[in-house]
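K.L.:
Structure: target.pdb, PDB, C-alpha atoms and all ligand atoms.
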```
ATOM      1  CA  MET X  30     -21.202  22.548  37.217
ATOM      2  CA  LYS X  31     -18.257  23.586  35.102
ATOM      3  CA  VAL X  32     -18.491  23.280  31.318
ATOM      4  CA  LEU X  33     -15.278  23.618  29.346
ATOM      5  CA  VAL X  34     -15.486  24.714  25.722
ATOM      6  CA  ALA X  35     -12.230  23.314  24.323
ATOM      7  CA  THR X  36     -11.874  24.260  20.677
ATOM      8  CA  GLU X  37      -8.517  24.452  18.982
ATOM      9  CA  LYS X  38     -10.461  25.974  16.063
ATOM     10  CA  PRO X  39     -12.667  28.581  17.783
ATOM     11  CA  PHE X  40     -16.384  29.093  17.317
ATOM     12  CA  ALA X  41     -17.616  32.484  16.108
ATOM     13  CA  LYS X  42     -18.087  34.885  19.032
ATOM     14  CA  VAL X  43     -21.886  34.924  18.614
ATOM     15  CA  ALA X  44     -21.896  31.155  19.177
ATOM     16  CA  ILE X  45     -19.838  31.489  22.369
ATOM     17  CA  ASP X  46     -22.286  34.147  23.582
ATOM     18  CA  GLY X  47     -25.171  31.750  22.872
ATOM     19  CA  ILE X  48     -23.487  28.851  24.651
ATOM     20  CA  LYS X  49     -22.770  31.062  27.654
ATOM     21  CA  GLN X  50     -26.379  32.174  27.817
ATOM     22  CA  VAL X  51     -27.674  28.584  27.870
ATOM     23  CA  LEU X  52     -25.186  27.673  30.599
ATOM     24  CA  ASP X  53     -25.877  30.859  32.610
ATOM     25  CA  GLU X  54     -29.590  30.093  32.591
ATOM     26  CA  ALA X  55     -28.855  26.647  33.998
ATOM     27  CA  GLY X  56     -26.571  28.134  36.648
ATOM     28  CA  TYR X  57     -23.487  26.468  35.145
ATOM     29  CA  GLU X  58     -20.059  28.019  34.793
ATOM     30  CA  MET X  59     -18.348  28.222  31.368
ATOM     31  CA  ALA X  60     -14.581  28.002  30.808
ATOM     32  CA  LEU X  61     -13.009  28.648  27.430
ATOM     33  CA  LEU X  62      -9.877  27.102  25.960
ATOM     34  CA  GLU X  63      -9.370  28.194  22.356
ATOM     35  CA  LYS X  64      -6.502  27.972  19.855
ATOM     36  CA  TYR X  65      -4.418  25.824  22.172
ATOM     37  CA  THR X  66      -1.212  24.468  20.709
ATOM     38  CA  GLU X  67      -0.090  21.908  23.327
ATOM     39  CA  LYS X  68      -1.996  18.896  24.582
ATOM     40  CA  LYS X  69      -0.839  19.864  28.090
ATOM     41  CA  GLU X  70      -3.111  22.943  27.930
ATOM     42  CA  LEU X  71      -6.090  20.683  27.297
ATOM     43  CA  LEU X  72      -5.044  18.219  30.016
ATOM     44  CA  ASP X  73      -4.812  21.080  32.531
ATOM     45  CA  ALA X  74      -8.099  22.644  31.436
ATOM     46  CA  VAL X  75     -10.151  19.425  31.741
ATOM     47  CA  ALA X  76      -8.981  18.723  35.322
ATOM     48  CA  ASP X  77     -12.027  20.278  37.009
ATOM     49  CA  ALA X  78     -14.557  20.120  34.140
ATOM     50  CA  ASP X  79     -17.866  18.314  34.598
ATOM     51  CA  ALA X  80     -18.630  18.583  30.892
ATOM     52  CA  ILE X  81     -16.686  19.421  27.756
ATOM     53  CA  ILE X  82     -17.776  20.811  24.405
ATOM     54  CA  ILE X  83     -15.319  20.017  21.608
ATOM     55  CA  ARG X  84     -15.057  20.128  17.830
ATOM     56  CA  SER X  85     -12.356  18.029  16.088
ATOM     57  CA  ASP X  86     -10.303  18.202  19.286
ATOM     58  CA  ILE X  87      -8.742  14.888  20.286
ATOM     59  CA  VAL X  88     -10.239  13.392  23.412
ATOM     60  CA  ASP X  89      -8.208  10.243  24.011
ATOM     61  CA  ALA X  90      -7.701   8.023  27.060
ATOM     62  CA  GLU X  91      -5.159  10.461  28.511
ATOM     63  CA  VAL X  92      -7.586  13.378  28.311
ATOM     64  CA  ILE X  93     -10.373  11.287  29.848
ATOM     65  CA  ALA X  94      -8.038  10.169  32.661
ATOM     66  CA  ALA X  95      -7.059  13.783  33.368
ATOM     67  CA  ALA X  96     -10.712  14.823  33.639
ATOM     68  CA  LYS X  97     -11.567  13.391  37.029
ATOM     69  CA  GLN X  98     -14.999  15.050  37.333
ATOM     70  CA  LEU X  99     -16.058  14.466  33.755
ATOM     71  CA  LYS X 100     -19.585  13.246  33.097
ATOM     72  CA  ILE X 101     -20.181  14.155  29.469
ATOM     73  CA  VAL X 102     -18.337  15.161  26.286
ATOM     74  CA  VAL X 103     -20.332  16.698  23.447
ATOM     75  CA  ARG X 104     -18.748  16.890  20.046
ATOM     76  CA  ALA X 105     -20.375  20.005  18.555
ATOM     77  CA  GLY X 106     -20.628  18.504  15.099
ATOM     78  CA  ALA X 107     -21.208  15.207  13.356
ATOM     79  CA  GLY X 108     -18.084  13.006  13.311
ATOM     80  CA  TYR X 109     -16.830  11.643  16.639
ATOM     81  CA  ASP X 110     -13.817   9.703  15.379
ATOM     82  CA  ASN X 111     -11.704  12.110  17.470
ATOM     83  CA  VAL X 112     -13.075  10.704  20.737
ATOM     84  CA  ASP X 113     -11.932   7.435  22.331
ATOM     85  CA  LEU X 114     -15.385   6.020  22.975
ATOM     86  CA  GLN X 115     -14.099   2.960  24.809
ATOM     87  CA  ALA X 116     -12.028   5.048  27.224
ATOM     88  CA  ALA X 117     -15.060   7.261  27.831
ATOM     89  CA  THR X 118     -17.351   4.306  28.438
ATOM     90  CA  ASN X 119     -14.819   2.733  30.800
ATOM     91  CA  ALA X 120     -14.775   5.971  32.799
ATOM     92  CA  ASN X 121     -18.603   6.257  32.789
ATOM     93  CA  VAL X 122     -18.427   9.326  30.571
ATOM     94  CA  VAL X 123     -21.277   9.907  28.138
ATOM     95  CA  VAL X 124     -20.297  11.014  24.615
ATOM     96  CA  MET X 125     -22.741  12.786  22.299
ATOM     97  CA  ASN X 126     -22.630  14.533  18.938
ATOM     98  CA  THR X 127     -25.022  17.148  17.520
ATOM     99  CA  PRO X 128     -26.107  15.548  14.236
ATOM    100  CA  GLY X 129     -27.319  17.801  11.443
ATOM    101  CA  GLN X 130     -26.474  21.111  13.112
ATOM    102  CA  ASN X 131     -23.636  22.011  10.753
ATOM    103  CA  ALA X 132     -24.847  20.017   7.732
ATOM    104  CA  ASN X 133     -25.962  22.937   5.559
ATOM    105  CA  ALA X 134     -22.639  24.727   6.033
ATOM    106  CA  VAL X 135     -20.696  21.649   4.917
ATOM    107  CA  ALA X 136     -23.045  21.077   1.975
ATOM    108  CA  GLU X 137     -22.659  24.647   0.746
ATOM    109  CA  LEU X 138     -18.882  24.277   0.888
ATOM    110  CA  ALA X 139     -19.047  20.997  -1.074
ATOM    111  CA  LEU X 140     -20.846  22.785  -3.911
ATOM    112  CA  GLY X 141     -18.406  25.691  -3.635
ATOM    113  CA  LEU X 142     -15.512  23.283  -4.080
ATOM    114  CA  MET X 143     -17.202  21.763  -7.139
ATOM    115  CA  VAL X 144     -17.605  25.187  -8.751
ATOM    116  CA  TYR X 145     -13.993  26.029  -7.896
ATOM    117  CA  ALA X 146     -12.803  22.781  -9.527
ATOM    118  CA  VAL X 147     -14.736  23.146 -12.774
ATOM    119  CA  ARG X 148     -13.764  26.829 -13.102
ATOM    120  CA  ASN X 149     -10.123  25.744 -13.070
ATOM    121  CA  LEU X 150      -9.403  27.108  -9.591
ATOM    122  CA  PHE X 151     -10.523  30.562 -10.756
ATOM    123  CA  ASN X 152      -7.425  30.959 -12.919
ATOM    124  CA  GLY X 153      -9.184  32.912 -15.662
ATOM    125  CA  THR X 154      -9.381  30.089 -18.222
ATOM    126  CA  SER X 155     -12.613  28.723 -19.655
ATOM    127  CA  GLY X 156     -14.128  26.088 -17.389
ATOM    128  CA  THR X 157     -17.361  24.099 -17.382
ATOM    129  CA  GLU X 158     -20.698  24.198 -15.541
ATOM    130  CA  LEU X 159     -22.419  21.928 -13.047
ATOM    131  CA  MET X 160     -25.829  22.042 -14.724
ATOM    132  CA  GLY X 161     -26.866  18.727 -16.249
ATOM    133  CA  LYS X 162     -23.862  16.860 -14.803
ATOM    134  CA  LYS X 163     -24.202  13.695 -12.737
ATOM    135  CA  LEU X 164     -23.437  14.040  -9.034
ATOM    136  CA  GLY X 165     -22.954  10.962  -6.833
ATOM    137  CA  ILE X 166     -23.516  11.435  -3.126
ATOM    138  CA  HIS X 167     -21.576   8.822  -1.201
ATOM    139  CA  ALA X 168     -23.585   8.342   2.006
ATOM    140  CA  TYR X 169     -26.971   9.937   2.426
ATOM    141  CA  GLY X 170     -26.870  11.328   5.959
ATOM    142  CA  ASN X 171     -27.504  14.890   7.078
ATOM    143  CA  VAL X 172     -24.784  16.402   4.899
ATOM    144  CA  GLY X 173     -25.570  14.191   1.884
ATOM    145  CA  ARG X 174     -29.222  15.266   1.996
ATOM    146  CA  ASN X 175     -28.273  18.923   2.107
ATOM    147  CA  VAL X 176     -25.868  18.459  -0.793
ATOM    148  CA  ALA X 177     -28.737  16.937  -2.792
ATOM    149  CA  ARG X 178     -30.995  19.878  -1.968
ATOM    150  CA  VAL X 179     -28.421  22.500  -2.944
ATOM    151  CA  ALA X 180     -27.243  20.580  -6.042
ATOM    152  CA  LYS X 181     -30.824  20.501  -7.351
ATOM    153  CA  GLY X 182     -30.668  24.282  -7.570
ATOM    154  CA  PHE X 183     -27.623  23.906  -9.818
ATOM    155  CA  GLY X 184     -29.631  21.604 -12.099
ATOM    156  CA  MET X 185     -27.438  18.552 -11.469
ATOM    157  CA  GLU X 186     -28.673  14.984 -11.952
ATOM    158  CA  ILE X 187     -28.340  13.468  -8.508
ATOM    159  CA  TYR X 188     -27.527   9.901  -7.476
ATOM    160  CA  ALA X 189     -26.739   8.474  -4.047
ATOM    161  CA  TYR X 190     -25.475   5.316  -2.456
ATOM    162  CA  ASP X 191     -25.831   4.564   1.232
ATOM    163  CA  ALA X 192     -25.553   1.059   2.651
ATOM    164  CA  TYR X 193     -27.550   2.040   5.750
ATOM    165  CA  CYS X 194     -30.223   4.385   4.389
ATOM    166  CA  PRO X 195     -33.429   2.874   2.920
ATOM    167  CA  LYS X 196     -33.776   3.485  -0.819
ATOM    168  CA  GLU X 197     -37.245   5.031  -0.337
ATOM    169  CA  VAL X 198     -35.768   7.816   1.810
ATOM    170  CA  ILE X 199     -33.339   8.698  -0.980
ATOM    171  CA  GLU X 200     -35.901   8.407  -3.780
ATOM    172  CA  ASN X 201     -38.406  10.552  -1.829
ATOM    173  CA  ASP X 202     -35.969  13.435  -2.238
ATOM    174  CA  GLY X 203     -35.966  13.008  -6.028
ATOM    175  CA  VAL X 204     -32.506  11.413  -5.894
ATOM    176  CA  LYS X 205     -31.733   8.149  -7.724
ATOM    177  CA  ALA X 206     -30.676   5.471  -5.226
ATOM    178  CA  LEU X 207     -28.042   3.101  -6.608
ATOM    179  CA  ASP X 208     -27.393  -0.457  -5.477
ATOM    180  CA  SER X 209     -23.657  -0.387  -5.007
ATOM    181  CA  VAL X 210     -20.789   1.942  -4.377
ATOM    182  CA  GLU X 211     -19.182   0.744  -7.635
ATOM    183  CA  GLU X 212     -22.271   1.784  -9.587
ATOM    184  CA  LEU X 213     -22.166   5.266  -8.000
ATOM    185  CA  TYR X 214     -18.577   5.847  -9.082
ATOM    186  CA  SER X 215     -19.149   4.361 -12.561
ATOM    187  CA  THR X 216     -22.161   6.605 -13.129
ATOM    188  CA  CYS X 217     -21.116   9.976 -11.775
ATOM    189  CA  GLN X 218     -18.611  12.533 -13.066
ATOM    190  CA  PHE X 219     -18.809  14.248  -9.669
ATOM    191  CA  VAL X 220     -18.638  12.307  -6.403
ATOM    192  CA  SER X 221     -19.065  14.004  -3.028
ATOM    193  CA  LEU X 222     -17.926  12.044   0.029
ATOM    194  CA  HIS X 223     -20.054  12.029   3.179
ATOM    195  CA  ILE X 224     -18.931   8.845   4.906
ATOM    196  CA  PRO X 225     -17.573   8.842   8.457
ATOM    197  CA  ALA X 226     -14.054   7.623   9.257
ATOM    198  CA  THR X 227     -14.500   4.106  10.629
ATOM    199  CA  ALA X 228     -12.481   0.890  10.502
ATOM    200  CA  GLU X 229     -14.615  -0.071   7.498
ATOM    201  CA  THR X 230     -14.256   3.187   5.539
ATOM    202  CA  LYS X 231     -10.608   4.096   6.194
ATOM    203  CA  ASN X 232      -8.571   3.871   2.954
ATOM    204  CA  SER X 233     -11.698   2.643   1.166
ATOM    205  CA  ILE X 234     -11.653   5.330  -1.551
ATOM    206  CA  ASN X 235      -9.003   3.639  -3.621
ATOM    207  CA  TYR X 236      -7.712   3.230  -7.160
ATOM    208  CA  SER X 237     -10.128   0.495  -8.239
ATOM    209  CA  LEU X 238     -13.131   2.554  -7.150
ATOM    210  CA  LEU X 239     -11.962   5.920  -8.485
ATOM    211  CA  GLU X 240     -10.841   4.597 -11.869
ATOM    212  CA  ARG X 241     -14.504   3.846 -12.595
ATOM    213  CA  MET X 242     -15.398   7.541 -12.644
ATOM    214  CA  PRO X 243     -16.269   8.969 -16.070
ATOM    215  CA  LYS X 244     -14.064  11.412 -17.965
ATOM    216  CA  ASN X 245     -13.349  14.771 -16.316
ATOM    217  CA  ALA X 246     -14.015  13.292 -12.891
ATOM    218  CA  VAL X 247     -14.146  15.520  -9.831
ATOM    219  CA  LEU X 248     -13.818  13.981  -6.368
ATOM    220  CA  VAL X 249     -14.972  16.244  -3.535
ATOM    221  CA  ASN X 250     -14.031  15.478   0.054
ATOM    222  CA  THR X 251     -15.693  17.327   2.910
ATOM    223  CA  ALA X 252     -15.734  14.172   5.047
ATOM    224  CA  ARG X 253     -12.437  12.853   6.456
ATOM    225  CA  LYS X 254      -8.940  12.519   5.012
ATOM    226  CA  GLU X 255      -8.591   8.982   6.407
ATOM    227  CA  VAL X 256     -11.176   7.566   4.008
ATOM    228  CA  ILE X 257      -8.884   8.282   1.048
ATOM    229  CA  ASN X 258      -6.111   5.918   0.061
ATOM    230  CA  GLU X 259      -3.741   8.775  -0.741
ATOM    231  CA  VAL X 260      -1.035   6.684  -2.396
ATOM    232  CA  GLU X 261      -3.592   5.209  -4.783
ATOM    233  CA  LEU X 262      -5.269   8.567  -5.452
ATOM    234  CA  ILE X 263      -1.906  10.052  -6.436
ATOM    235  CA  LYS X 264      -1.257   7.077  -8.713
ATOM    236  CA  LEU X 265      -4.671   7.491 -10.310
ATOM    237  CA  MET X 266      -4.149  11.223 -10.879
ATOM    238  CA  GLU X 267      -0.788  10.415 -12.481
ATOM    239  CA  ASP X 268      -2.518   7.914 -14.784
ATOM    240  CA  ARG X 269      -5.508  10.162 -15.529
ATOM    241  CA  ALA X 270      -4.787  13.755 -16.512
ATOM    242  CA  ASP X 271      -8.547  14.497 -16.461
ATOM    243  CA  PHE X 272      -9.056  13.629 -12.768
ATOM    244  CA  ARG X 273      -9.461  16.426 -10.194
ATOM    245  CA  TYR X 274      -9.506  16.305  -6.398
ATOM    246  CA  VAL X 275     -10.818  19.098  -4.167
ATOM    247  CA  THR X 276     -10.850  18.650  -0.434
ATOM    248  CA  ASP X 277     -11.633  20.431   2.809
ATOM    249  CA  ILE X 278      -9.353  18.105   4.759
ATOM    250  CA  MET X 279      -5.705  18.506   3.903
ATOM    251  CA  PRO X 280      -4.176  15.141   2.942
ATOM    252  CA  ALA X 281      -1.054  13.887   4.721
ATOM    253  CA  ALA X 282       0.594  14.006   1.273
ATOM    254  CA  ASN X 283      -0.521  17.605   0.568
ATOM    255  CA  ALA X 284       2.943  18.682  -0.627
ATOM    256  CA  GLU X 285       2.988  15.881  -3.203
ATOM    257  CA  PHE X 286      -0.497  16.722  -4.476
ATOM    258  CA  VAL X 287       0.425  20.416  -4.798
ATOM    259  CA  ALA X 288       3.703  19.676  -6.587
ATOM    260  CA  GLN X 289       2.288  17.098  -8.982
ATOM    261  CA  PHE X 290      -1.192  18.427  -9.744
ATOM    262  CA  PRO X 291      -1.145  22.219  -9.316
ATOM    263  CA  THR X 292      -4.142  22.795 -11.616
ATOM    264  CA  ARG X 293      -6.188  19.736 -10.610
ATOM    265  CA  TYR X 294      -5.918  19.730  -6.840
ATOM    266  CA  PHE X 295      -7.018  22.061  -4.066
ATOM    267  CA  SER X 296      -7.169  21.745  -0.297
ATOM    268  CA  THR X 297      -8.370  24.308   2.207
ATOM    269  CA  PRO X 298      -5.547  25.064   4.638
ATOM    270  CA  LYS X 299      -7.789  24.226   7.609
ATOM    271  CA  LYS X 300     -11.081  22.324   7.604
ATOM    272  CA  MET X 301     -13.728  24.993   7.197
ATOM    273  CA  GLY X 302     -16.907  23.176   6.112
ATOM    274  CA  ALA X 303     -18.551  23.803   9.474
ATOM    275  CA  GLN X 304     -16.833  27.149   9.977
ATOM    276  CA  THR X 305     -19.780  29.521   9.611
ATOM    277  CA  ALA X 306     -21.437  31.650  12.267
ATOM    278  CA  GLU X 307     -24.700  29.795  11.652
ATOM    279  CA  ALA X 308     -23.191  26.317  12.015
ATOM    280  CA  ASN X 309     -21.221  27.399  15.102
ATOM    281  CA  ILE X 310     -24.381  28.773  16.693
ATOM    282  CA  ASN X 311     -26.457  25.707  15.788
ATOM    283  CA  ALA X 312     -23.912  23.104  16.907
ATOM    284  CA  GLY X 313     -22.538  25.043  19.889
ATOM    285  CA  ILE X 314     -25.913  25.874  21.402
ATOM    286  CA  ALA X 315     -27.222  22.359  20.727
ATOM    287  CA  ALA X 316     -24.171  21.006  22.586
ATOM    288  CA  ALA X 317     -24.773  23.291  25.566
ATOM    289  CA  LYS X 318     -28.465  22.342  25.680
ATOM    290  CA  GLN X 319     -27.626  18.639  25.458
ATOM    291  CA  ILE X 320     -25.257  19.005  28.424
ATOM    292  CA  VAL X 321     -27.908  20.741  30.524
ATOM    293  CA  GLY X 322     -30.513  18.191  29.405
ATOM    294  CA  PHE X 323     -28.284  15.309  30.384
ATOM    295  CA  ILE X 324     -27.004  16.618  33.702
ATOM    296  CA  ARG X 325     -30.345  17.997  34.848
ATOM    297  CA  ASP X 326     -32.832  15.546  33.319
ATOM    298  CA  GLY X 327     -30.784  12.503  32.250
ATOM    299  CA  ILE X 328     -31.692  12.946  28.559
ATOM    300  CA  ASN X 329     -29.254  10.911  26.466
ATOM    301  CA  LYS X 330     -30.883  11.076  23.021
ATOM    302  CA  PHE X 331     -27.685  11.776  21.070
ATOM    303  CA  GLN X 332     -25.383   9.530  23.083
ATOM    304  CA  VAL X 333     -23.006   7.661  20.745
ATOM    305  CA  ASN X 334     -21.354   5.336  23.283
ATOM    306  CA  LYS X 335     -24.493   3.529  24.508
TER     307      LYS X 335
HETATM  308  C1  LIG V 401     -18.055  17.456  11.713
HETATM  309  O1  LIG V 401     -17.757  16.251  11.852
HETATM  310  O2  LIG V 401     -19.023  17.966  12.287
HETATM  311  C2  LIG V 401     -17.275  18.307  10.740
HETATM  312  O3  LIG V 401     -16.187  17.615  10.224
HETATM  313  C3  LIG V 401     -16.869  19.660  11.307
HETATM  314  O4  LIG V 401     -15.731  19.605  12.129
HETATM  315  P1  LIG V 401     -15.214  20.902  12.912
HETATM  316  O5  LIG V 401     -16.207  21.222  13.985
HETATM  317  O6  LIG V 401     -13.885  20.521  13.477
HETATM  318  O7  LIG V 401     -15.100  22.028  11.938
END
```
How does the structure come out when it is put into structure tokens?
P.N.:
Amino acid sequence: MKVLVATEKPFAKVAIDGIKQVLDEAGYEMALLEKYTEKKELLDAVADADAIIIRSDIVDAEVIAAAKQLKIVVRAGAGYDNVDLQAATNANVVVMNTPGQNANAVAELALGLMVYAVRNLFNGTSGTELMGKKLGIHAYGNVGRNVARVAKGFGMEIYAYDAYCPKEVIENDGVKALDSVEELYSTCQFVSLHIPATAETKNSINYSLLERMPKNAVLVNTARKEVINEVELIKLMEDRADFRYVTDIMPAANAEFVAQFPTRYFSTPKKMGAQTAEANINAGIAAAKQIVGFIRDGINKFQVNK
């Protein structure tokens, strides 16, 4: 069995060593394609792969078609909007993710971005603190829960809205569960996004929602750029000089944000929420184990294209 680790953004070396060990023990071969710049490199590399481990790498119908031996793709991470699930299903390819494995890393970065925003991008001027401020967690999945846990340590007042998570689960964590997304944005000075990019959520963070946020609003995005309606966010930030946006996913309109809002906007140059040794080890090794578990024992617990 040949397992290709295809990561444009590489894992830490310790994670690769861990993945290799899991695969060695199963008697599988590991191939590594990192930092590739052309799709052709990926198409060539998948040709003889039985399994692929990816991160945000695009696995579309063309990649699936080029991978003639492929049985399983594991996205070492949470969001699988980068994989064409229908094409995979049509080709009898199982797709899995590794939910929760990088959640703490992303949550820590979300709080880091909040601190960076309220300390005026560390420019030496007097900022504000997080303690006692209202934080709204938009979607209470693995990352949202970790954000709540870390934010408690900062002494924030925590609210959450999740259409799919029972209120009791949220309230059990000492977080106030709100009834609507509008209420979350109206209540909270800070909102942290943890929704996936789906047909329903794309462009959903728009002017009418964001304008509800109280004075000195801070919007934090460690989720996906596609959920933001960028044109409307720019308009809102033009209309509201108190509104700040910090993101780990560079917007398509990054140059406009930088030019127009130099003191109220920040984007990491490359998504780095999950870019810690710990998260790489957790997600990478989980992916390798899930591949062995599926190929050897048929275990499909984290399959997302059932
Ligand atoms: C995820 O969906 O797990 C995160 O967005 C991390 O993505 P990455 O593995 O490309 O850093």
K.L.:
So how many Å separate atom CA of Glu137 of chain X and atom CA of Gly173 of chain X, to one decimal?
P.N.:
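Pair atom CA of Glu137 of chain X / atom CA of Gly173 of chain X returns 10.9 Å.
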K.L.:
Between X:Ala139, X:Leu238, X:Ala282, X:Ala120, which has the minimum distance to Leu265 of chain X (counting all atoms listed in the file)?
P.N.:
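The closest residue to Leu265 of chain X is X:Leu238.
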K.L.:
Residues picked by the PyMOL selection byres (((chain X and resi 95) around 12) and not hetatm) here, as a ChimeraX atom specification?
P.N.:
/X:68-79,88-94,96-99,116-117,120
K.L.:
Run the PyMOL selection byres (((not hetatm)) within 6 of (chain V and resi 401)) mentally over the shown coordinates, then write out the matched residues as number ranges by chain, using the chain letters and numbers from the document.
P.N.:
X: 84-85, 106-108, 300-301, 303-304
K.L.:
Quick one: distance from atom CA of Asp46 of chain X to atom CA of Thr127 of chain X in Å, one decimal?
P.N.:
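Distance reported for this atom pair: 18.3 Å.
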K.L.:
Using the chain letters and numbers from the file, which residues does the PyMOL selection byres (((chain X and resi 174-177) around 12) and not hetatm) grab, as a ChimeraX atom specification?
P.N.:
/X:129-143,163-173,178-191,194,198-206,220-223,249,251
K.L.:
Have a look at atom CA of Ile45 of chain X and atom CA of Gly313 of chain X and let me know their distance in Å, one decimal.
P.N.:
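The value is 7.4 Å.
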K.L.:
Give as an MDAnalysis selection string every residue, naming chains and numbers as the document does, that has an atom within 9 Å of (-7.3, 14.8, 0.5), counting all atoms listed in the file.
P.N.:
chainID X and resid 249:250 253:259 262 274:283 286 294:296
K.L.:
Is it possible to get the residues within 12 Å of (-15.9, 4.4, -14.5) (coordinates as in the file, counting all atoms listed in the file) written as a PyMOL selection string?
P.N.:
chain X and resi 210-220+236-246+269+272
K.L.:
As lines of an AutoDock Vina configuration file, please: the centre and edge lengths in Å, to one decimal, of an axis-aligned box enclosing every listed atom of segment 320-326 of chain X with 3 Å added on each side.
P.N.:
```
center_x = -29.0
center_y = 18.0
center_z = 31.6
size_x = 13.6
size_y = 11.4
size_z = 12.4
```
K.L.:
Considering all atoms listed in the file, return as a PyMOL selection string whatever protein or nucleic-acid residues lie within 12 Å of Ile81 of chain X, sequence-local ones (same chain, fewer than 4 positions apart) excluded.
P.N.:
chain X and resi 30-36+58-62+71-72+74-77+86-88+92-93+96+98-105+112+122-126+313+316-317+319-321
K.L.:
Could you tell me which of X:Ala308, X:Ala41, X:Lys318, X:Ala252 comes closest to Glu54 of chain X if we count only C-alpha atoms?
P.N.:
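Closest candidate: X:Lys318.
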K.L.:
I need the residue nearest Pro128 of chain X from this list: X:Ser209, X:Asn311, X:Ser155, X:Asn329. Use only C-alpha atoms for the distance.
P.N.:
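For Pro128 of chain X, the nearest of the candidates is X:Asn311.
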K.L.:
Restricting the calculation to only C-alpha atoms: of X:Pro39, X:Gln50, X:Thr292, X:Ile263, which residue gets closest to Ile82 of chain X?
P.N.:
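So, comparing all the options, the nearest one is X:Pro39.
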K.L.:
X:Arg325, X:Glu267, X:Ala315, X:Asn309: which is nearest Lys42 of chain X, counting all atoms listed in the file?
P.N.:
X:Asn309
K.L.:
Export all heavy atoms of segment 161-165 of chain X from the structure just given, as a short mmCIF file (atom, residue, chain, number, x, y, z; two decimals), in the first residue's frame?
P.N.:
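To be explicit, this is the file written out as decode.cif:
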```
data_model
loop_
_atom_site.label_atom_id
_atom_site.label_comp_id
_atom_site.auth_asym_id
_atom_site.auth_seq_id
_atom_site.Cartn_x
_atom_site.Cartn_y
_atom_site.Cartn_z
N GLY X 161 -13.84 40.70 30.93
CA GLY X 161 -15.15 41.31 31.13
C GLY X 161 -15.89 41.62 29.84
O GLY X 161 -17.05 42.01 29.87
N LYS X 162 -15.25 41.43 28.69
CA LYS X 162 -15.91 41.73 27.41
C LYS X 162 -16.74 40.52 26.94
O LYS X 162 -16.46 39.38 27.32
CB LYS X 162 -14.87 42.09 26.34
CG LYS X 162 -13.90 43.20 26.73
CD LYS X 162 -14.61 44.52 26.99
CE LYS X 162 -13.68 45.71 27.15
NZ LYS X 162 -12.52 45.56 28.04
N LYS X 163 -17.72 40.81 26.11
CA LYS X 163 -18.61 39.74 25.63
C LYS X 163 -18.06 39.13 24.33
O LYS X 163 -17.83 39.85 23.35
CB LYS X 163 -20.01 40.30 25.37
CG LYS X 163 -20.70 40.72 26.65
CD LYS X 163 -22.13 41.15 26.38
CE LYS X 163 -22.88 41.28 27.69
NZ LYS X 163 -23.34 42.61 27.99
N LEU X 164 -17.88 37.82 24.37
CA LEU X 164 -17.40 37.09 23.20
C LEU X 164 -18.51 36.20 22.66
O LEU X 164 -19.10 35.41 23.41
CB LEU X 164 -16.19 36.21 23.60
CG LEU X 164 -15.77 35.17 22.56
CD1 LEU X 164 -15.28 35.82 21.27
CD2 LEU X 164 -14.67 34.24 23.13
N GLY X 165 -18.79 36.30 21.38
CA GLY X 165 -19.79 35.45 20.72
C GLY X 165 -19.10 34.40 19.87
O GLY X 165 -18.30 34.73 18.99
#
```
